[in-house]
>>> print(open('entry37.txt').read())   # compact mmCIF, C-alpha atoms
# COMPACT_ATOMS: atom_id res chain seq x y z
CA MET X 19 -0.89 -56.52 52.15
CA LYS X 20 -0.89 -56.29 48.34
CA LYS X 21 0.79 -59.70 48.22
CA TYR X 22 -2.09 -61.24 50.19
CA LEU X 23 -4.72 -59.53 48.05
CA ILE X 24 -3.12 -60.99 44.94
CA GLN X 25 -2.69 -64.40 46.55
CA PHE X 26 -6.32 -64.59 47.73
CA LYS X 27 -7.87 -62.77 44.76
CA PRO X 28 -9.96 -65.76 43.49
CA PHE X 29 -11.34 -66.34 46.99
CA LEU X 30 -12.09 -62.65 47.51
CA ILE X 31 -13.84 -62.43 44.13
CA PHE X 32 -15.92 -65.51 45.01
CA ILE X 33 -16.90 -64.10 48.43
CA GLY X 34 -17.68 -60.66 47.00
CA THR X 35 -19.75 -62.05 44.13
CA PHE X 36 -21.57 -64.51 46.39
CA PHE X 37 -22.55 -61.88 48.95
CA ALA X 38 -23.47 -59.31 46.30
CA ALA X 39 -25.77 -61.81 44.55
CA TYR X 40 -27.20 -63.05 47.85
CA ILE X 41 -27.93 -59.56 49.17
CA LEU X 42 -29.42 -58.38 45.86
CA LEU X 43 -31.69 -61.44 45.50
CA THR X 44 -32.72 -61.22 49.16
CA ILE X 45 -33.62 -57.53 48.81
CA VAL X 46 -35.69 -58.26 45.68
CA TYR X 47 -37.47 -61.09 47.53
CA LYS X 48 -38.13 -58.85 50.56
CA PHE X 49 -39.68 -56.21 48.27
CA TYR X 50 -41.90 -58.96 46.87
CA LEU X 51 -42.92 -60.09 50.37
CA ASN X 52 -43.60 -56.51 51.47
CA SER X 53 -46.21 -56.21 48.71
CA PHE X 54 -48.50 -58.48 50.77
CA ASP X 55 -50.57 -57.50 53.80
CA SER X 56 -49.42 -58.78 57.18
CA LEU X 57 -52.03 -61.58 57.36
CA GLU X 58 -51.90 -62.46 53.66
CA VAL X 59 -50.04 -65.52 52.39
CA ASP X 60 -47.55 -64.67 49.64
CA GLY X 61 -48.21 -66.00 46.13
CA ILE X 62 -45.27 -68.39 46.04
CA SER X 63 -46.35 -70.06 49.28
CA LYS X 64 -49.89 -70.38 47.87
CA ILE X 65 -48.49 -72.13 44.79
CA VAL X 66 -46.42 -74.44 47.02
CA GLY X 67 -49.55 -75.30 49.01
CA ALA X 68 -51.53 -76.00 45.84
CA ASN X 69 -48.72 -78.21 44.50
CA VAL X 70 -48.52 -80.19 47.74
CA GLU X 71 -52.28 -80.65 47.71
CA SER X 72 -52.26 -81.79 44.07
CA LEU X 73 -49.39 -84.21 44.69
CA MET X 74 -51.10 -85.78 47.66
CA HIS X 75 -54.41 -86.03 45.78
CA LEU X 76 -52.55 -88.06 43.13
CA PHE X 77 -52.06 -90.66 45.84
CA ASN X 78 -55.68 -90.40 47.02
CA SER X 79 -54.70 -88.74 50.26
CA ASP X 80 -57.33 -87.03 52.35
CA ILE X 81 -55.72 -83.61 52.33
CA ARG X 82 -57.07 -80.11 52.57
CA ILE X 83 -54.92 -76.99 52.59
CA VAL X 84 -56.65 -73.79 53.69
CA LYS X 85 -55.65 -70.24 54.53
CA SER X 86 -55.40 -69.64 58.27
CA ILE X 87 -57.75 -66.94 59.55
CA THR X 88 -55.36 -65.87 62.32
CA GLU X 89 -51.90 -66.11 60.74
CA PRO X 90 -50.22 -65.54 57.36
CA CYS X 91 -49.95 -69.26 56.67
CA LEU X 92 -51.67 -72.24 55.12
CA GLU X 93 -53.06 -74.95 57.37
CA VAL X 94 -52.55 -78.52 56.18
CA TRP X 95 -55.32 -80.89 57.25
CA TYR X 96 -54.50 -84.54 56.68
CA ASN X 97 -57.16 -87.18 57.40
CA ASN X 98 -59.26 -84.39 58.99
CA LYS X 99 -56.51 -83.56 61.47
CA PHE X 100 -54.52 -80.31 61.49
CA THR X 101 -50.99 -81.53 60.88
CA ILE X 102 -48.69 -78.68 59.83
CA ARG X 103 -48.58 -75.06 58.71
CA ILE X 104 -46.99 -73.82 55.52
CA ILE X 105 -45.42 -70.43 56.21
CA GLU X 106 -43.36 -68.19 53.94
CA GLY X 107 -40.14 -69.91 55.04
CA CYS X 108 -41.48 -73.24 53.73
CA ASN X 109 -41.55 -72.17 50.08
CA ALA X 110 -37.81 -72.86 49.51
CA VAL X 111 -37.12 -69.40 48.07
CA SER X 112 -34.37 -68.70 50.61
CA VAL X 113 -32.67 -72.02 49.73
CA ILE X 114 -32.99 -71.23 46.02
CA ILE X 115 -31.46 -67.77 46.59
CA LEU X 116 -28.53 -69.41 48.39
CA PHE X 117 -28.14 -71.93 45.54
CA ILE X 118 -28.26 -69.23 42.84
CA SER X 119 -25.77 -66.99 44.67
CA PHE X 120 -23.23 -69.80 44.87
CA VAL X 121 -23.62 -70.73 41.18
CA ILE X 122 -23.25 -67.07 40.15
CA ALA X 123 -20.12 -66.74 42.30
CA PHE X 124 -18.61 -69.75 40.49
CA SER X 125 -20.16 -68.84 37.15
CA GLY X 126 -19.22 -70.44 33.88
CA LYS X 127 -20.53 -69.74 30.41
CA PHE X 128 -23.66 -67.59 30.52
CA LYS X 129 -26.02 -70.12 28.89
CA THR X 130 -24.71 -73.01 31.01
CA THR X 131 -24.96 -70.92 34.19
CA LEU X 132 -28.51 -69.82 33.37
CA LEU X 133 -29.67 -73.36 32.53
CA PHE X 134 -28.07 -74.82 35.65
CA ILE X 135 -29.73 -72.15 37.80
CA LEU X 136 -33.13 -72.80 36.21
CA PHE X 137 -32.98 -76.60 36.45
CA GLY X 138 -31.38 -76.49 39.91
CA ALA X 139 -34.05 -74.11 41.22
CA LEU X 140 -36.77 -76.31 39.73
CA PHE X 141 -35.18 -79.40 41.32
CA ILE X 142 -35.03 -77.68 44.73
CA TYR X 143 -38.65 -76.54 44.36
CA ILE X 144 -39.86 -80.08 43.54
CA LEU X 145 -37.77 -81.53 46.35
CA ASN X 146 -39.40 -79.02 48.71
CA ILE X 147 -42.91 -80.06 47.57
CA LEU X 148 -41.97 -83.69 48.30
CA ARG X 149 -40.52 -82.62 51.67
CA ILE X 150 -43.77 -80.96 52.75
CA ALA X 151 -45.87 -83.92 51.56
CA PHE X 152 -43.71 -86.47 53.41
CA LEU X 153 -43.52 -84.24 56.47
CA THR X 154 -47.33 -84.03 56.53
CA ILE X 155 -47.70 -87.81 56.46
CA LEU X 156 -44.88 -88.48 58.93
CA LEU X 157 -46.07 -85.86 61.43
CA PHE X 158 -49.60 -87.23 61.23
CA HIS X 159 -48.31 -90.67 62.26
CA TYR X 160 -45.34 -89.62 64.43
CA PRO X 161 -46.01 -86.16 65.92
CA GLN X 162 -43.54 -86.85 68.73
CA TYR X 163 -40.68 -86.69 66.19
CA GLU X 164 -41.53 -83.20 64.92
CA HIS X 165 -38.24 -81.63 66.03
CA PHE X 166 -36.15 -84.37 64.44
CA LEU X 167 -38.17 -84.54 61.20
CA HIS X 168 -38.69 -80.80 60.64
CA GLY X 169 -35.56 -79.47 62.28
CA VAL X 170 -32.94 -82.10 61.44
CA LEU X 171 -33.80 -84.76 58.86
CA PHE X 172 -35.52 -82.74 56.15
CA PRO X 173 -33.14 -79.74 56.30
CA LEU X 174 -30.28 -82.23 56.06
CA ILE X 175 -31.86 -83.74 52.95
CA ILE X 176 -32.58 -80.38 51.28
CA TYR X 177 -29.19 -78.82 52.04
CA GLY X 178 -27.47 -82.10 51.23
CA PHE X 179 -28.96 -82.06 47.74
CA VAL X 180 -28.06 -78.38 47.33
CA PHE X 181 -24.48 -79.23 48.30
CA VAL X 182 -24.42 -82.05 45.72
CA LEU X 183 -25.67 -79.61 43.07
CA TRP X 184 -22.90 -77.19 44.03
CA VAL X 185 -20.26 -79.92 43.77
CA ILE X 186 -21.59 -80.92 40.34
CA TRP X 187 -21.57 -77.28 39.26
CA VAL X 188 -18.02 -76.56 40.39
CA ASN X 189 -16.58 -79.81 39.01
CA LYS X 190 -18.46 -80.02 35.71
CA PHE X 191 -19.66 -76.60 34.55
CA SER X 192 -18.00 -73.66 36.33
CA LYS X 193 -15.00 -71.79 34.98
CA TYR X 194 -12.92 -73.81 37.46
CA ALA X 195 -14.06 -77.21 36.12
CA LYS X 196 -11.34 -79.40 34.70
>>> encode(input="entry37.txt", output="structure tokens")
Amino acid sequence: MKKYLIQFKPFLIFIGTFFAAYILLTIVYKFYLNSFDSLEVDGISKIVGANVESLMHLFNSDIRIVKSITEPCLEVWYNNKFTIRIIEGCNAVSVIILFISFVIAFSGKFKTTLLFILFGALFIYILNILRIAFLTILLFHYPQYEHFLHGVLFPLIIYGFVFVLWVIWVNKFSKYAK
């Protein structure tokens, strides 16, 4: 057994570090979410909604994002038609936590790791704002493709970019980079 522990030590350290970071960040985020009432929209989701609205106003879109009176979400009205809801899961925090946990598990120099986490998280956040804006427009025009757009295409794009960031991290900046 000791032979296998020694042989798989790098993998076991990665898995342990990844899960420890993921669990810790998730617990911190859950404490943050628990500070809001059950029908209140969390602050990060409000900022996401405001950023989506600002982005779409840049392109002279007829957009209005308002707090739902029945649910803890933001309603997105595009061209005077309710198009989508922005819920807590739409703010990309869970994806950013996953990204950060992986980078920490493959950490490199402290400054490089910190900068990559900050710029990567910002990139994911901006990509998520673009995702919601495009999803709003596409679902307004093609509501019949909601499952494909929301459940397949845009998650593929977001997680695809996260995967590319991970590959860049491991190959260029982590302690395993050559």
>>> closest_atom_pairs(input="entry37.txt", of="segment 40-117 of chain X", to="segment 168-184 of chain X", cutoff="10 Å", atoms="all atoms listed in the file", output="tab-separated table")
residue	atom	partner	partner_atom	distance
X:Ala110	CA	X:Ile176	CA	9.3
X:Val113	CA	X:Tyr177	CA	8.0
X:Ile114	CA	X:Val180	CA	8.8
X:Leu116	CA	X:Val180	CA	9.0
X:Phe117	CA	X:Val180	CA	6.7
>>> write_last_selection(input="entry37.txt", atoms="C-alpha atoms", output="PDB file, in the coordinates of the input")
ATOM      1  CA  ALA X 110     -37.810 -72.860  49.510  1.00  0.00           C
ATOM      2  CA  VAL X 113     -32.670 -72.020  49.730  1.00  0.00           C
ATOM      3  CA  ILE X 114     -32.990 -71.230  46.020  1.00  0.00           C
ATOM      4  CA  LEU X 116     -28.530 -69.410  48.390  1.00  0.00           C
ATOM      5  CA  PHE X 117     -28.140 -71.930  45.540  1.00  0.00           C
TER       6      PHE X 117
END
>>> closest_residue(input="entry37.txt", among="X:Lys193, X:Lys27, X:Lys99, X:Lys48", to="Phe128 of chain X", atoms="only C-alpha atoms")
X:Lys193
>>> atom_distance(input="entry37.txt", atom1="atom CA of Trp95 of chain X", atom2="atom CA of Ser72 of chain X")
13.6 Å
>>> residues_around(input="entry37.txt", residues="Tyr194 of chain X", least_positions_apart="5", cutoff="12 Å", atoms="all atoms listed in the file", output="ChimeraX atom specification")
/X:28,32,121,123-127,185-189
>>> write_last_selection(input="entry37.txt", atoms="C-alpha atoms", output="mmCIF file, in the coordinates of the input")
data_model
loop_
_atom_site.group_PDB
_atom_site.id
_atom_site.type_symbol
_atom_site.label_atom_id
_atom_site.label_comp_id
_atom_site.auth_asym_id
_atom_site.auth_seq_id
_atom_site.Cartn_x
_atom_site.Cartn_y
_atom_site.Cartn_z
ATOM 1 C CA PRO X 28 -9.960 -65.760 43.490
ATOM 2 C CA PHE X 32 -15.920 -65.510 45.010
ATOM 3 C CA VAL X 121 -23.620 -70.730 41.180
ATOM 4 C CA ALA X 123 -20.120 -66.740 42.300
ATOM 5 C CA PHE X 124 -18.610 -69.750 40.490
ATOM 6 C CA SER X 125 -20.160 -68.840 37.150
ATOM 7 C CA GLY X 126 -19.220 -70.440 33.880
ATOM 8 C CA LYS X 127 -20.530 -69.740 30.410
ATOM 9 C CA VAL X 185 -20.260 -79.920 43.770
ATOM 10 C CA ILE X 186 -21.590 -80.920 40.340
ATOM 11 C CA TRP X 187 -21.570 -77.280 39.260
ATOM 12 C CA VAL X 188 -18.020 -76.560 40.390
ATOM 13 C CA ASN X 189 -16.580 -79.810 39.010
#
>>> residues_around(input="entry37.txt", residues="Leu57 of chain X", least_positions_apart="2", cutoff="12 Å", atoms="all atoms listed in the file", output="list in words")
Leu51, Asn52, Ser53, Phe54, Asp55, Val59, Asp60, Lys85, Ser86, Ile87, Thr88, Glu89, Pro90, Cys91, Leu92, Ile105 and Glu106 of chain X
>>> closest_residue(input="entry37.txt", among="X:Ile104, X:Ile122, X:Val94, X:Ala139", to="Met74 of chain X", atoms="all atoms listed in the file")
X:Val94
>>> residues_around(input="entry37.txt", residues="segment 148-158 of chain X", least_positions_apart="3", cutoff="6 Å", atoms="only C-alpha atoms", output="list in words")
Val70, Thr101, Leu145 and Pro161 of chain X
>>> atom_distance(input="entry37.txt", atom1="atom CA of Thr130 of chain X", atom2="atom CA of Asn146 of chain X")
23.8 Å
>>> closest_residue(input="entry37.txt", among="X:Ile147, X:Leu133, X:Leu167, X:Ile45", to="Leu73 of chain X", atoms="all atoms listed in the file")
X:Ile147
>>> atom_distance(input="entry37.txt", atom1="atom CA of Phe100 of chain X", atom2="atom CA of Val66 of chain X")
17.6 Å
>>> residues_around(input="entry37.txt", residues="Thr44 of chain X", least_positions_apart="2", cutoff="12 Å", atoms="only C-alpha atoms", output="PyMOL selection string")
chain X and resi 36-42+46-51+111-116+118-119
>>> axis_aligned_box(input="entry37.txt", around="segment 28-39 of chain X", padding_each_side="4 Å", output="lines of an AutoDock Vina configuration file")
center_x = -17.9
center_y = -62.8
center_z = 46.2
size_x = 23.8
size_y = 15.0
size_z = 13.5
>>> closest_residue(input="entry37.txt", among="X:His75, X:Ser63, X:Phe134, X:Ile142", to="Arg103 of chain X", atoms="only C-alpha atoms")
X:Ser63
>>> closest_residue(input="entry37.txt", among="X:Phe166, X:Ser56, X:Thr131, X:Arg82", to="Ala68 of chain X", atoms="only C-alpha atoms")
X:Arg82
